[in-house]
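Working notes, structure below.
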Amino acid sequence: MWSRTIDWDAGDWRDVAACRDTEPDLFFPVGTTGLAVDQIEAAKAVCRRCQAQSACLEFALATNQESGVWGGTAEEERRKVRKAWLARHRPVSA
Ligand code: SF4
């Protein structure tokens, strides 16, 4: 059971998302090779100038978004980051 103090959806981060006016497919490339590599890098470039990057990544980690680019991370990167995230958010036993 995860801590109920996680507030991953606080605020209106989606309102300032840099990807709001971007083609959604850019953030959900098919595969991780070939053209998908360029697509992932292009999506990450949008994320780098996004005011909501931290909140977006927090949301993706908390809700286990396995597909696509979120908060400047691709799928494999996020899997690694999520392990550390889960360890930080594990409830402390009394
Ligand atoms: S960090 Fe990237 S995916 Fe997340 S809201 Fe910003 S632009 Fe969109």
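Each chain of the structure tokens is named A, B, ... in the order shown, its residues numbered from 1; ligands are numbered from 1 in display order.
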Selection as JSON, numbers by chain: residues within 12 Å of ligand 1 by only C-alpha atoms and all ligand atoms: {"A": [12, 13, 14, 15, 16, 17, 18, 19, 20, 21, 22, 23, 24, 25, 26, 27, 28, 40, 41, 42, 43, 44, 45, 46, 47, 48, 49, 50, 51, 52, 53, 54, 55, 56, 57, 58, 59, 60, 61, 65, 67, 68, 69, 70, 71, 72, 73, 74, 75]}
Just the selected residues (N, CA and C atoms), exported as a short mmCIF file (atom, residue, chain, number, x, y, z; two decimals), in the first residue's frame, please.
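See result.cif below for the written result:
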data_model
loop_
_atom_site.label_atom_id
_atom_site.label_comp_id
_atom_site.auth_asym_id
_atom_site.auth_seq_id
_atom_site.Cartn_x
_atom_site.Cartn_y
_atom_site.Cartn_z
N ASP A 12 -2.19 22.67 -11.61
CA ASP A 12 -2.72 22.60 -12.97
C ASP A 12 -1.60 22.46 -13.97
N TRP A 13 -0.74 21.47 -13.72
CA TRP A 13 0.46 21.36 -14.56
C TRP A 13 0.12 21.12 -16.02
N ARG A 14 -1.00 20.48 -16.29
CA ARG A 14 -1.35 20.21 -17.69
C ARG A 14 -1.63 21.51 -18.45
N ASP A 15 -2.04 22.54 -17.69
CA ASP A 15 -2.35 23.81 -18.35
C ASP A 15 -1.10 24.49 -18.91
N VAL A 16 0.05 24.17 -18.36
CA VAL A 16 1.28 24.81 -18.84
C VAL A 16 2.17 23.82 -19.60
N ALA A 17 1.63 22.67 -19.92
CA ALA A 17 2.40 21.64 -20.63
C ALA A 17 2.81 22.15 -22.00
N ALA A 18 4.09 22.05 -22.29
CA ALA A 18 4.59 22.49 -23.59
C ALA A 18 4.08 21.62 -24.73
N CYS A 19 3.63 20.43 -24.40
CA CYS A 19 3.15 19.51 -25.45
C CYS A 19 1.67 19.70 -25.76
N ARG A 20 1.04 20.65 -25.12
CA ARG A 20 -0.39 20.86 -25.36
C ARG A 20 -0.71 21.10 -26.83
N ASP A 21 0.18 21.81 -27.50
CA ASP A 21 -0.07 22.14 -28.91
C ASP A 21 0.79 21.31 -29.84
N THR A 22 1.23 20.18 -29.37
CA THR A 22 2.11 19.31 -30.16
C THR A 22 1.34 18.05 -30.56
N GLU A 23 1.71 17.51 -31.67
CA GLU A 23 1.10 16.26 -32.13
C GLU A 23 1.33 15.17 -31.07
N PRO A 24 0.28 14.61 -30.48
CA PRO A 24 0.44 13.60 -29.41
C PRO A 24 1.27 12.39 -29.83
N ASP A 25 1.19 12.03 -31.10
CA ASP A 25 1.95 10.86 -31.56
C ASP A 25 3.45 11.03 -31.36
N LEU A 26 3.91 12.28 -31.35
CA LEU A 26 5.34 12.52 -31.14
C LEU A 26 5.81 11.90 -29.83
N PHE A 27 4.94 11.89 -28.83
CA PHE A 27 5.31 11.42 -27.50
C PHE A 27 5.08 9.92 -27.30
N PHE A 28 4.57 9.30 -28.33
CA PHE A 28 4.31 7.85 -28.24
C PHE A 28 4.86 7.15 -29.48
N ILE A 40 11.78 10.27 -30.29
CA ILE A 40 11.99 10.37 -28.84
C ILE A 40 12.81 11.62 -28.51
N GLU A 41 13.85 11.86 -29.27
CA GLU A 41 14.69 13.04 -29.02
C GLU A 41 13.90 14.33 -29.25
N ALA A 42 13.05 14.34 -30.28
CA ALA A 42 12.23 15.53 -30.54
C ALA A 42 11.24 15.76 -29.40
N ALA A 43 10.67 14.68 -28.88
CA ALA A 43 9.74 14.82 -27.76
C ALA A 43 10.47 15.33 -26.52
N LYS A 44 11.65 14.80 -26.28
CA LYS A 44 12.43 15.24 -25.12
C LYS A 44 12.81 16.71 -25.23
N ALA A 45 13.05 17.17 -26.45
CA ALA A 45 13.38 18.59 -26.65
C ALA A 45 12.21 19.47 -26.23
N VAL A 46 11.00 19.01 -26.51
CA VAL A 46 9.80 19.75 -26.06
C VAL A 46 9.76 19.73 -24.53
N CYS A 47 10.01 18.58 -23.94
CA CYS A 47 9.98 18.45 -22.48
C CYS A 47 11.00 19.38 -21.81
N ARG A 48 12.16 19.55 -22.44
CA ARG A 48 13.20 20.39 -21.83
C ARG A 48 12.76 21.84 -21.67
N ARG A 49 11.84 22.30 -22.48
CA ARG A 49 11.38 23.68 -22.35
C ARG A 49 9.99 23.75 -21.69
N CYS A 50 9.62 22.69 -21.02
CA CYS A 50 8.29 22.60 -20.41
C CYS A 50 8.34 22.97 -18.93
N GLN A 51 7.48 23.86 -18.53
CA GLN A 51 7.40 24.27 -17.12
C GLN A 51 6.86 23.16 -16.23
N ALA A 52 6.18 22.21 -16.82
CA ALA A 52 5.53 21.15 -16.06
C ALA A 52 6.35 19.87 -15.99
N GLN A 53 7.60 19.92 -16.38
CA GLN A 53 8.38 18.69 -16.51
C GLN A 53 8.42 17.88 -15.21
N SER A 54 8.68 18.52 -14.10
CA SER A 54 8.77 17.78 -12.83
C SER A 54 7.44 17.17 -12.44
N ALA A 55 6.38 17.93 -12.55
CA ALA A 55 5.05 17.42 -12.20
C ALA A 55 4.63 16.30 -13.14
N CYS A 56 4.97 16.45 -14.40
CA CYS A 56 4.63 15.42 -15.39
C CYS A 56 5.36 14.13 -15.08
N LEU A 57 6.63 14.23 -14.77
CA LEU A 57 7.39 13.02 -14.45
C LEU A 57 6.85 12.38 -13.18
N GLU A 58 6.53 13.18 -12.19
CA GLU A 58 5.96 12.65 -10.96
C GLU A 58 4.66 11.90 -11.24
N PHE A 59 3.82 12.48 -12.07
CA PHE A 59 2.56 11.83 -12.46
C PHE A 59 2.84 10.50 -13.14
N ALA A 60 3.77 10.51 -14.08
CA ALA A 60 4.08 9.29 -14.83
C ALA A 60 4.62 8.19 -13.93
N LEU A 61 5.42 8.57 -12.96
CA LEU A 61 5.98 7.59 -12.03
C LEU A 61 4.90 7.07 -11.08
N GLN A 65 3.12 5.07 -15.88
CA GLN A 65 2.95 5.23 -17.33
C GLN A 65 4.11 4.53 -18.02
N SER A 67 4.31 3.62 -21.33
CA SER A 67 4.53 3.95 -22.73
C SER A 67 4.75 5.45 -22.92
N GLY A 68 5.58 5.76 -23.88
CA GLY A 68 5.74 7.15 -24.30
C GLY A 68 6.78 7.93 -23.53
N VAL A 69 6.90 9.18 -23.93
CA VAL A 69 7.82 10.11 -23.28
C VAL A 69 7.01 10.97 -22.31
N TRP A 70 7.44 10.98 -21.08
CA TRP A 70 6.80 11.76 -20.00
C TRP A 70 7.89 12.45 -19.20
N GLY A 71 7.70 13.71 -18.92
CA GLY A 71 8.65 14.42 -18.07
C GLY A 71 10.09 14.32 -18.55
N GLY A 72 10.27 14.26 -19.82
CA GLY A 72 11.62 14.22 -20.39
C GLY A 72 12.29 12.86 -20.33
N THR A 73 11.52 11.83 -20.03
CA THR A 73 12.10 10.50 -19.96
C THR A 73 11.41 9.55 -20.94
N ALA A 74 12.19 8.68 -21.53
CA ALA A 74 11.65 7.63 -22.38
C ALA A 74 11.35 6.41 -21.51
N GLU A 75 10.74 5.42 -22.13
CA GLU A 75 10.24 4.27 -21.37
C GLU A 75 11.31 3.58 -20.52
#
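The two atoms in question, CA of Thr63 in chain A and CA of Arg88 in chain A, are spaced 15.1 Å apart.
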Which of range 13-77 of chain A counts as helix (DSSP H, G or I) under DSSP, as an mmCIF file with all heavy atoms, in the first residue's frame please?
data_model
loop_
_atom_site.group_PDB
_atom_site.id
_atom_site.type_symbol
_atom_site.label_atom_id
_atom_site.label_comp_id
_atom_site.auth_asym_id
_atom_site.auth_seq_id
_atom_site.Cartn_x
_atom_site.Cartn_y
_atom_site.Cartn_z
ATOM 1 N N TRP A 13 -0.741 21.472 -13.724
ATOM 2 C CA TRP A 13 0.455 21.361 -14.559
ATOM 3 C C TRP A 13 0.123 21.117 -16.024
ATOM 4 O O TRP A 13 0.852 21.535 -16.914
ATOM 5 C CB TRP A 13 1.426 20.316 -14.012
ATOM 6 C CG TRP A 13 0.919 18.917 -13.916
ATOM 7 C CD1 TRP A 13 0.303 18.342 -12.854
ATOM 8 C CD2 TRP A 13 1.009 17.896 -14.920
ATOM 9 N NE1 TRP A 13 0.010 17.023 -13.140
ATOM 10 C CE2 TRP A 13 0.429 16.731 -14.399
ATOM 11 C CE3 TRP A 13 1.540 17.862 -16.208
ATOM 12 C CZ2 TRP A 13 0.359 15.544 -15.122
ATOM 13 C CZ3 TRP A 13 1.471 16.677 -16.936
ATOM 14 C CH2 TRP A 13 0.884 15.539 -16.389
ATOM 15 N N ARG A 14 -0.996 20.476 -16.292
ATOM 16 C CA ARG A 14 -1.346 20.210 -17.692
ATOM 17 C C ARG A 14 -1.630 21.511 -18.449
ATOM 18 O O ARG A 14 -1.462 21.568 -19.658
ATOM 19 C CB ARG A 14 -2.552 19.282 -17.766
ATOM 20 C CG ARG A 14 -2.239 17.859 -17.351
ATOM 21 C CD ARG A 14 -3.496 17.003 -17.370
ATOM 22 N NE ARG A 14 -3.258 15.669 -16.869
ATOM 23 C CZ ARG A 14 -3.251 15.337 -15.586
ATOM 24 N NH1 ARG A 14 -3.457 16.246 -14.671
ATOM 25 N NH2 ARG A 14 -3.014 14.106 -15.209
ATOM 26 N N ASP A 15 -2.039 22.539 -17.692
ATOM 27 C CA ASP A 15 -2.348 23.812 -18.349
ATOM 28 C C ASP A 15 -1.104 24.492 -18.906
ATOM 29 O O ASP A 15 -1.215 25.334 -19.796
ATOM 30 C CB ASP A 15 -3.037 24.766 -17.362
ATOM 31 C CG ASP A 15 -4.422 24.273 -16.977
ATOM 32 O OD1 ASP A 15 -4.962 23.381 -17.670
ATOM 33 O OD2 ASP A 15 -4.964 24.777 -15.975
ATOM 34 N N VAL A 16 0.050 24.171 -18.356
ATOM 35 C CA VAL A 16 1.283 24.812 -18.836
ATOM 36 C C VAL A 16 2.168 23.825 -19.596
ATOM 37 O O VAL A 16 3.323 24.113 -19.877
ATOM 38 C CB VAL A 16 2.078 25.452 -17.676
ATOM 39 C CG1 VAL A 16 1.272 26.577 -17.039
ATOM 40 C CG2 VAL A 16 2.484 24.421 -16.635
ATOM 41 N N ALA A 18 4.093 22.047 -22.286
ATOM 42 C CA ALA A 18 4.594 22.486 -23.586
ATOM 43 C C ALA A 18 4.083 21.617 -24.726
ATOM 44 O O ALA A 18 4.104 22.028 -25.883
ATOM 45 C CB ALA A 18 6.126 22.487 -23.573
ATOM 46 N N CYS A 19 3.629 20.427 -24.405
ATOM 47 C CA CYS A 19 3.149 19.510 -25.446
ATOM 48 C C CYS A 19 1.667 19.696 -25.762
ATOM 49 O O CYS A 19 1.126 18.986 -26.605
ATOM 50 C CB CYS A 19 3.415 18.069 -25.046
ATOM 51 S SG CYS A 19 2.688 17.600 -23.463
ATOM 52 N N ARG A 20 1.042 20.654 -25.116
ATOM 53 C CA ARG A 20 -0.390 20.863 -25.357
ATOM 54 C C ARG A 20 -0.712 21.103 -26.825
ATOM 55 O O ARG A 20 -1.743 20.690 -27.314
ATOM 56 C CB ARG A 20 -0.890 22.067 -24.548
ATOM 57 C CG ARG A 20 -1.158 21.745 -23.108
ATOM 58 C CD ARG A 20 -1.628 22.980 -22.386
ATOM 59 N NE ARG A 20 -2.827 23.527 -23.025
ATOM 60 C CZ ARG A 20 -3.955 23.740 -22.402
ATOM 61 N NH1 ARG A 20 -4.053 23.483 -21.122
ATOM 62 N NH2 ARG A 20 -4.983 24.250 -23.022
ATOM 63 N N ASP A 21 0.177 21.806 -27.502
ATOM 64 C CA ASP A 21 -0.071 22.140 -28.906
ATOM 65 C C ASP A 21 0.791 21.308 -29.844
ATOM 66 O O ASP A 21 1.055 21.722 -30.974
ATOM 67 C CB ASP A 21 0.188 23.632 -29.136
ATOM 68 C CG ASP A 21 -0.713 24.480 -28.250
ATOM 69 O OD1 ASP A 21 -1.886 24.111 -28.073
ATOM 70 O OD2 ASP A 21 -0.227 25.499 -27.725
ATOM 71 N N PRO A 24 0.280 14.609 -30.475
ATOM 72 C CA PRO A 24 0.442 13.603 -29.410
ATOM 73 C C PRO A 24 1.269 12.388 -29.829
ATOM 74 O O PRO A 24 1.986 11.812 -29.008
ATOM 75 C CB PRO A 24 -0.999 13.189 -29.086
ATOM 76 C CG PRO A 24 -1.839 14.323 -29.551
ATOM 77 C CD PRO A 24 -1.126 14.930 -30.722
ATOM 78 N N ASP A 25 1.191 12.027 -31.100
ATOM 79 C CA ASP A 25 1.947 10.855 -31.564
ATOM 80 C C ASP A 25 3.448 11.027 -31.360
ATOM 81 O O ASP A 25 4.174 10.037 -31.235
ATOM 82 C CB ASP A 25 1.668 10.579 -33.040
ATOM 83 C CG ASP A 25 0.274 10.002 -33.257
ATOM 84 O OD1 ASP A 25 -0.383 9.644 -32.256
ATOM 85 O OD2 ASP A 25 -0.142 9.921 -34.415
ATOM 86 N N LEU A 26 3.913 12.278 -31.346
ATOM 87 C CA LEU A 26 5.341 12.518 -31.144
ATOM 88 C C LEU A 26 5.811 11.903 -29.833
ATOM 89 O O LEU A 26 6.940 11.420 -29.728
ATOM 90 C CB LEU A 26 5.624 14.029 -31.133
ATOM 91 C CG LEU A 26 7.076 14.449 -30.901
ATOM 92 C CD1 LEU A 26 7.951 14.021 -32.081
ATOM 93 C CD2 LEU A 26 7.170 15.954 -30.691
ATOM 94 N N PHE A 27 4.941 11.888 -28.835
ATOM 95 C CA PHE A 27 5.315 11.417 -27.500
ATOM 96 C C PHE A 27 5.082 9.920 -27.300
ATOM 97 O O PHE A 27 5.382 9.389 -26.247
ATOM 98 C CB PHE A 27 4.553 12.226 -26.441
ATOM 99 C CG PHE A 27 5.040 13.635 -26.379
ATOM 100 C CD1 PHE A 27 4.578 14.583 -27.281
ATOM 101 C CD2 PHE A 27 6.005 14.014 -25.467
ATOM 102 C CE1 PHE A 27 5.064 15.881 -27.266
ATOM 103 C CE2 PHE A 27 6.498 15.294 -25.432
ATOM 104 C CZ PHE A 27 6.026 16.237 -26.342
ATOM 105 N N LEU A 35 13.473 5.417 -36.785
ATOM 106 C CA LEU A 35 12.821 6.726 -36.717
ATOM 107 C C LEU A 35 12.346 7.061 -35.312
ATOM 108 O O LEU A 35 12.245 8.234 -34.945
ATOM 109 C CB LEU A 35 11.631 6.770 -37.684
ATOM 110 C CG LEU A 35 11.976 6.793 -39.169
ATOM 111 C CD1 LEU A 35 10.699 6.738 -40.008
ATOM 112 C CD2 LEU A 35 12.781 8.032 -39.514
ATOM 113 N N ALA A 36 12.072 6.036 -34.541
ATOM 114 C CA ALA A 36 11.605 6.272 -33.168
ATOM 115 C C ALA A 36 12.662 7.003 -32.341
ATOM 116 O O ALA A 36 12.328 7.790 -31.456
ATOM 117 C CB ALA A 36 11.232 4.949 -32.502
ATOM 118 N N VAL A 37 13.929 6.770 -32.640
ATOM 119 C CA VAL A 37 15.008 7.445 -31.902
ATOM 120 C C VAL A 37 14.901 8.956 -32.109
ATOM 121 O O VAL A 37 14.968 9.736 -31.152
ATOM 122 C CB VAL A 37 16.392 6.928 -32.344
ATOM 123 C CG1 VAL A 37 17.510 7.739 -31.704
ATOM 124 C CG2 VAL A 37 16.537 5.453 -32.010
ATOM 125 N N ASP A 38 14.712 9.373 -33.358
ATOM 126 C CA ASP A 38 14.569 10.802 -33.656
ATOM 127 C C ASP A 38 13.305 11.368 -33.012
ATOM 128 O O ASP A 38 13.283 12.490 -32.517
ATOM 129 C CB ASP A 38 14.502 11.025 -35.166
ATOM 130 C CG ASP A 38 15.820 10.680 -35.846
ATOM 131 O OD1 ASP A 38 16.860 10.638 -35.159
ATOM 132 O OD2 ASP A 38 15.794 10.449 -37.069
ATOM 133 N N GLN A 39 12.260 10.575 -33.029
ATOM 134 C CA GLN A 39 10.986 11.015 -32.453
ATOM 135 C C GLN A 39 11.121 11.208 -30.944
ATOM 136 O O GLN A 39 10.634 12.194 -30.385
ATOM 137 C CB GLN A 39 9.922 9.973 -32.770
ATOM 138 C CG GLN A 39 8.510 10.450 -32.562
ATOM 139 C CD GLN A 39 7.489 9.406 -33.004
ATOM 140 O OE1 GLN A 39 7.813 8.465 -33.725
ATOM 141 N NE2 GLN A 39 6.265 9.571 -32.551
ATOM 142 N N ILE A 40 11.778 10.271 -30.291
ATOM 143 C CA ILE A 40 11.992 10.374 -28.837
ATOM 144 C C ILE A 40 12.806 11.618 -28.510
ATOM 145 O O ILE A 40 12.482 12.367 -27.579
ATOM 146 C CB ILE A 40 12.683 9.095 -28.298
ATOM 147 C CG1 ILE A 40 11.718 7.914 -28.365
ATOM 148 C CG2 ILE A 40 13.188 9.301 -26.879
ATOM 149 C CD1 ILE A 40 12.375 6.546 -28.152
ATOM 150 N N GLU A 41 13.853 11.856 -29.269
ATOM 151 C CA GLU A 41 14.685 13.042 -29.024
ATOM 152 C C GLU A 41 13.903 14.326 -29.255
ATOM 153 O O GLU A 41 14.067 15.304 -28.526
ATOM 154 C CB GLU A 41 15.954 12.997 -29.877
ATOM 155 C CG GLU A 41 16.950 11.961 -29.404
ATOM 156 C CD GLU A 41 17.248 12.073 -27.903
ATOM 157 O OE1 GLU A 41 17.529 13.185 -27.409
ATOM 158 O OE2 GLU A 41 17.184 11.048 -27.210
ATOM 159 N N ALA A 42 13.054 14.341 -30.278
ATOM 160 C CA ALA A 42 12.230 15.528 -30.543
ATOM 161 C C ALA A 42 11.243 15.758 -29.397
ATOM 162 O O ALA A 42 11.017 16.901 -28.973
ATOM 163 C CB ALA A 42 11.491 15.357 -31.865
ATOM 164 N N ALA A 43 10.667 14.683 -28.876
ATOM 165 C CA ALA A 43 9.740 14.816 -27.756
ATOM 166 C C ALA A 43 10.475 15.331 -26.519
ATOM 167 O O ALA A 43 9.985 16.221 -25.812
ATOM 168 C CB ALA A 43 9.075 13.470 -27.465
ATOM 169 N N LYS A 44 11.652 14.795 -26.276
ATOM 170 C CA LYS A 44 12.431 15.237 -25.115
ATOM 171 C C LYS A 44 12.812 16.713 -25.229
ATOM 172 O O LYS A 44 12.894 17.416 -24.223
ATOM 173 C CB LYS A 44 13.692 14.393 -24.968
ATOM 174 C CG LYS A 44 13.449 12.997 -24.444
ATOM 175 C CD LYS A 44 14.773 12.279 -24.331
ATOM 176 C CE LYS A 44 14.657 10.934 -23.697
ATOM 177 N NZ LYS A 44 15.984 10.273 -23.599
ATOM 178 N N ALA A 45 13.051 17.175 -26.449
ATOM 179 C CA ALA A 45 13.380 18.587 -26.653
ATOM 180 C C ALA A 45 12.210 19.468 -26.234
ATOM 181 O O ALA A 45 12.402 20.544 -25.663
ATOM 182 C CB ALA A 45 13.749 18.835 -28.118
ATOM 183 N N VAL A 46 10.997 19.013 -26.507
ATOM 184 C CA VAL A 46 9.804 19.752 -26.060
ATOM 185 C C VAL A 46 9.755 19.734 -24.534
ATOM 186 O O VAL A 46 9.518 20.758 -23.893
ATOM 187 C CB VAL A 46 8.519 19.147 -26.658
ATOM 188 C CG1 VAL A 46 7.287 19.852 -26.109
ATOM 189 C CG2 VAL A 46 8.549 19.223 -28.185
ATOM 190 N N CYS A 47 10.008 18.577 -23.942
ATOM 191 C CA CYS A 47 9.984 18.450 -22.478
ATOM 192 C C CYS A 47 11.003 19.379 -21.814
ATOM 193 O O CYS A 47 10.726 19.930 -20.740
ATOM 194 C CB CYS A 47 10.273 17.014 -22.054
ATOM 195 S SG CYS A 47 9.014 15.818 -22.522
ATOM 196 N N ARG A 48 12.157 19.553 -22.437
ATOM 197 C CA ARG A 48 13.200 20.393 -21.826
ATOM 198 C C ARG A 48 12.762 21.841 -21.668
ATOM 199 O O ARG A 48 13.254 22.550 -20.811
ATOM 200 C CB ARG A 48 14.496 20.296 -22.631
ATOM 201 C CG ARG A 48 15.285 19.030 -22.352
ATOM 202 C CD ARG A 48 16.712 19.124 -22.886
ATOM 203 N NE ARG A 48 16.766 19.105 -24.328
ATOM 204 C CZ ARG A 48 16.782 17.986 -25.074
ATOM 205 N NH1 ARG A 48 16.760 16.805 -24.486
ATOM 206 N NH2 ARG A 48 16.833 18.058 -26.384
ATOM 207 N N GLN A 53 7.596 19.924 -16.383
ATOM 208 C CA GLN A 53 8.384 18.687 -16.510
ATOM 209 C C GLN A 53 8.418 17.884 -15.214
ATOM 210 O O GLN A 53 8.199 16.674 -15.231
ATOM 211 C CB GLN A 53 9.801 18.998 -16.989
ATOM 212 C CG GLN A 53 10.586 17.724 -17.281
ATOM 213 C CD GLN A 53 11.929 17.995 -17.926
ATOM 214 O OE1 GLN A 53 12.276 19.141 -18.203
ATOM 215 N NE2 GLN A 53 12.690 16.968 -18.165
ATOM 216 N N SER A 54 8.684 18.520 -14.098
ATOM 217 C CA SER A 54 8.774 17.783 -12.828
ATOM 218 C C SER A 54 7.435 17.167 -12.442
ATOM 219 O O SER A 54 7.372 15.995 -12.054
ATOM 220 C CB SER A 54 9.242 18.707 -11.701
ATOM 221 O OG SER A 54 10.552 19.137 -11.943
ATOM 222 N N ALA A 55 6.381 17.931 -12.554
ATOM 223 C CA ALA A 55 5.052 17.420 -12.201
ATOM 224 C C ALA A 55 4.630 16.300 -13.145
ATOM 225 O O ALA A 55 4.031 15.304 -12.722
ATOM 226 C CB ALA A 55 4.028 18.553 -12.236
ATOM 227 N N CYS A 56 4.965 16.450 -14.399
ATOM 228 C CA CYS A 56 4.631 15.425 -15.393
ATOM 229 C C CYS A 56 5.359 14.125 -15.084
ATOM 230 O O CYS A 56 4.755 13.046 -15.123
ATOM 231 C CB CYS A 56 4.998 15.944 -16.777
ATOM 232 S SG CYS A 56 4.777 14.742 -18.093
ATOM 233 N N LEU A 57 6.633 14.227 -14.774
ATOM 234 C CA LEU A 57 7.394 13.021 -14.448
ATOM 235 C C LEU A 57 6.847 12.379 -13.178
ATOM 236 O O LEU A 57 6.706 11.150 -13.103
ATOM 237 C CB LEU A 57 8.881 13.351 -14.294
ATOM 238 C CG LEU A 57 9.779 12.170 -13.942
ATOM 239 C CD1 LEU A 57 9.651 11.045 -14.968
ATOM 240 C CD2 LEU A 57 11.228 12.622 -13.822
ATOM 241 N N GLU A 58 6.528 13.183 -12.194
ATOM 242 C CA GLU A 58 5.958 12.654 -10.956
ATOM 243 C C GLU A 58 4.656 11.905 -11.240
ATOM 244 O O GLU A 58 4.425 10.805 -10.720
ATOM 245 C CB GLU A 58 5.707 13.809 -9.979
ATOM 246 C CG GLU A 58 5.274 13.390 -8.605
ATOM 247 C CD GLU A 58 6.419 12.822 -7.759
ATOM 248 O OE1 GLU A 58 7.586 12.900 -8.179
ATOM 249 O OE2 GLU A 58 6.128 12.285 -6.684
ATOM 250 N N PHE A 59 3.818 12.485 -12.071
ATOM 251 C CA PHE A 59 2.564 11.835 -12.458
ATOM 252 C C PHE A 59 2.839 10.499 -13.139
ATOM 253 O O PHE A 59 2.226 9.474 -12.817
ATOM 254 C CB PHE A 59 1.761 12.741 -13.400
ATOM 255 C CG PHE A 59 0.577 12.058 -14.009
ATOM 256 C CD1 PHE A 59 -0.619 11.964 -13.316
ATOM 257 C CD2 PHE A 59 0.655 11.491 -15.279
ATOM 258 C CE1 PHE A 59 -1.715 11.314 -13.868
ATOM 259 C CE2 PHE A 59 -0.428 10.840 -15.843
ATOM 260 C CZ PHE A 59 -1.616 10.752 -15.139
ATOM 261 N N ALA A 60 3.773 10.509 -14.075
ATOM 262 C CA ALA A 60 4.077 9.288 -14.833
ATOM 263 C C ALA A 60 4.619 8.190 -13.928
ATOM 264 O O ALA A 60 4.276 7.013 -14.086
ATOM 265 C CB ALA A 60 5.081 9.610 -15.941
ATOM 266 N N LEU A 61 5.419 8.571 -12.959
ATOM 267 C CA LEU A 61 5.975 7.585 -12.031
ATOM 268 C C LEU A 61 4.895 7.066 -11.083
ATOM 269 O O LEU A 61 4.808 5.869 -10.824
ATOM 270 C CB LEU A 61 7.121 8.200 -11.235
ATOM 271 C CG LEU A 61 8.350 8.592 -12.055
ATOM 272 C CD1 LEU A 61 9.330 9.382 -11.201
ATOM 273 C CD2 LEU A 61 9.014 7.384 -12.691
ATOM 274 N N ALA A 62 4.086 7.959 -10.590
ATOM 275 C CA ALA A 62 3.051 7.571 -9.628
ATOM 276 C C ALA A 62 1.968 6.715 -10.259
ATOM 277 O O ALA A 62 1.372 5.867 -9.598
ATOM 278 C CB ALA A 62 2.432 8.817 -9.001
ATOM 279 N N GLU A 75 10.742 5.422 -22.128
ATOM 280 C CA GLU A 75 10.238 4.268 -21.369
ATOM 281 C C GLU A 75 11.306 3.582 -20.517
ATOM 282 O O GLU A 75 11.113 3.348 -19.330
ATOM 283 C CB GLU A 75 9.605 3.279 -22.348
ATOM 284 C CG GLU A 75 8.387 3.870 -23.043
ATOM 285 C CD GLU A 75 7.969 3.098 -24.284
ATOM 286 O OE1 GLU A 75 8.521 2.010 -24.522
ATOM 287 O OE2 GLU A 75 7.078 3.593 -25.004
ATOM 288 N N GLU A 76 12.420 3.243 -21.146
ATOM 289 C CA GLU A 76 13.466 2.519 -20.427
ATOM 290 C C GLU A 76 14.070 3.377 -19.314
ATOM 291 O O GLU A 76 14.328 2.892 -18.202
ATOM 292 C CB GLU A 76 14.566 2.063 -21.398
ATOM 293 C CG GLU A 76 15.642 1.226 -20.750
ATOM 294 C CD GLU A 76 15.111 -0.063 -20.114
ATOM 295 O OE1 GLU A 76 14.122 -0.641 -20.627
ATOM 296 O OE2 GLU A 76 15.669 -0.491 -19.100
ATOM 297 N N GLU A 77 14.273 4.644 -19.583
ATOM 298 C CA GLU A 77 14.808 5.557 -18.563
ATOM 299 C C GLU A 77 13.850 5.631 -17.369
ATOM 300 O O GLU A 77 14.270 5.633 -16.217
ATOM 301 C CB GLU A 77 14.978 6.966 -19.144
ATOM 302 C CG GLU A 77 15.995 7.063 -20.228
ATOM 303 C CD GLU A 77 15.909 8.375 -20.962
ATOM 304 O OE1 GLU A 77 14.796 8.813 -21.304
ATOM 305 O OE2 GLU A 77 16.967 8.945 -21.231
#
